[in-house]
Amino acid sequence: MFCPECKSEYKKDILFCEDCNTSLVEKLPDEIPTEEVKWVPLESISGDIYAEMVKESLENAFIPCYIKTDFMISAFGIRGSGIPITKAKIYVPEESFEEASEILYGMMENDI
Ligand SMILES: [Zn+2]
């Protein structure tokens, strides 16, 4: 038997988790789908200011995302100088990847 709250395993004759005050179940339910989001990186972007702009556009399109910058480079204090040295990668859920790519490429075209 398993406790759905703390995931502890119990002997078969125990039906109640004393820690959680919860009835035990024979099988733990499947993980909640939202915890299984697979994050994939979009094409890397030069400059974290630009990455912030892309992030804002993605958020406007209701696509969750986060930025991962090359920490080795940004640690030197170049951040904010406008020199496109910092490499930033934007991660989006795999299911939103195509939509996010379109937004990114759209922004790149506007930039040229
Ligand atoms: Zn428990």
# chains A, B, ... in the order shown; residues from 1 in each chain; ligands from 1

call {"tool": "residues_around", "arguments": {"residues": "Tyr10 in chain A", "least_positions_apart": "3", "cutoff": "10 Å", "atoms": "only C-alpha atoms", "output": "PyMOL selection string"}}
result
chain A and resi 1-3+7+13-17+24-26

call {"tool": "select_by_dssp", "arguments": {"residues": "range 9-66 of chain A", "states": "strand (DSSP E)", "output": "PyMOL selection string"}}
result
chain A and resi 16-17+22-23+39-41+45-46+66

call {"tool": "write_last_selection", "arguments": {"atoms": "C-alpha atoms", "output": "short mmCIF file (atom, residue, chain, number, x, y, z; two decimals), in the first residue's frame"}}
result
data_model
loop_
_atom_site.label_atom_id
_atom_site.label_comp_id
_atom_site.auth_asym_id
_atom_site.auth_seq_id
_atom_site.Cartn_x
_atom_site.Cartn_y
_atom_site.Cartn_z
CA PHE A 16 -3.91 4.59 6.86
CA CYS A 17 -0.88 6.86 6.85
CA THR A 22 -4.64 9.88 4.57
CA SER A 23 -6.12 6.62 3.39
CA TRP A 39 11.64 21.95 -21.90
CA VAL A 40 13.41 22.38 -25.20
CA PRO A 41 15.74 25.23 -26.17
CA ILE A 45 20.17 34.22 -29.10
CA SER A 46 23.00 36.72 -28.91
CA TYR A 66 12.62 30.73 -19.19
#

call {"tool": "closest_residue", "arguments": {"among": "A:Ile90, A:Met107, A:Val37, A:Cys20", "to": "Lys55 in chain A", "atoms": "only C-alpha atoms"}}
result
A:Ile90

call {"tool": "closest_residue", "arguments": {"among": "A:Pro29, A:Pro64, A:Pro4, A:Pro93", "to": "ligand 1", "atoms": "only C-alpha atoms and all ligand atoms"}}
result
A:Pro4

call {"tool": "atom_distance", "arguments": {"atom1": "CA of Lys89 in chain A", "atom2": "CA of Glu36 in chain A"}}
result
20.4 Å

call {"tool": "atom_distance", "arguments": {"atom1": "CA of Glu109 in chain A", "atom2": "CA of Lys68 in chain A"}}
result
22.7 Å

call {"tool": "closest_residue", "arguments": {"among": "A:Lys12, A:Asn21, A:Glu95, A:Ile63", "to": "ligand 1", "atoms": "only C-alpha atoms and all ligand atoms"}}
result
A:Asn21

call {"tool": "residues_around", "arguments": {"residues": "range 99-103 of chain A", "least_positions_apart": "5", "cutoff": "9 Å", "atoms": "only C-alpha atoms", "output": "list of chain:residue names"}}
result
A:Leu42, A:Glu43, A:Val54, A:Ser57, A:Leu58, A:Ala61, A:Ile63, A:Val92, A:Met108

call {"tool": "atom_distance", "arguments": {"atom1": "CA of Ala88 in chain A", "atom2": "CA of Gly106 in chain A"}}
result
17.7 Å
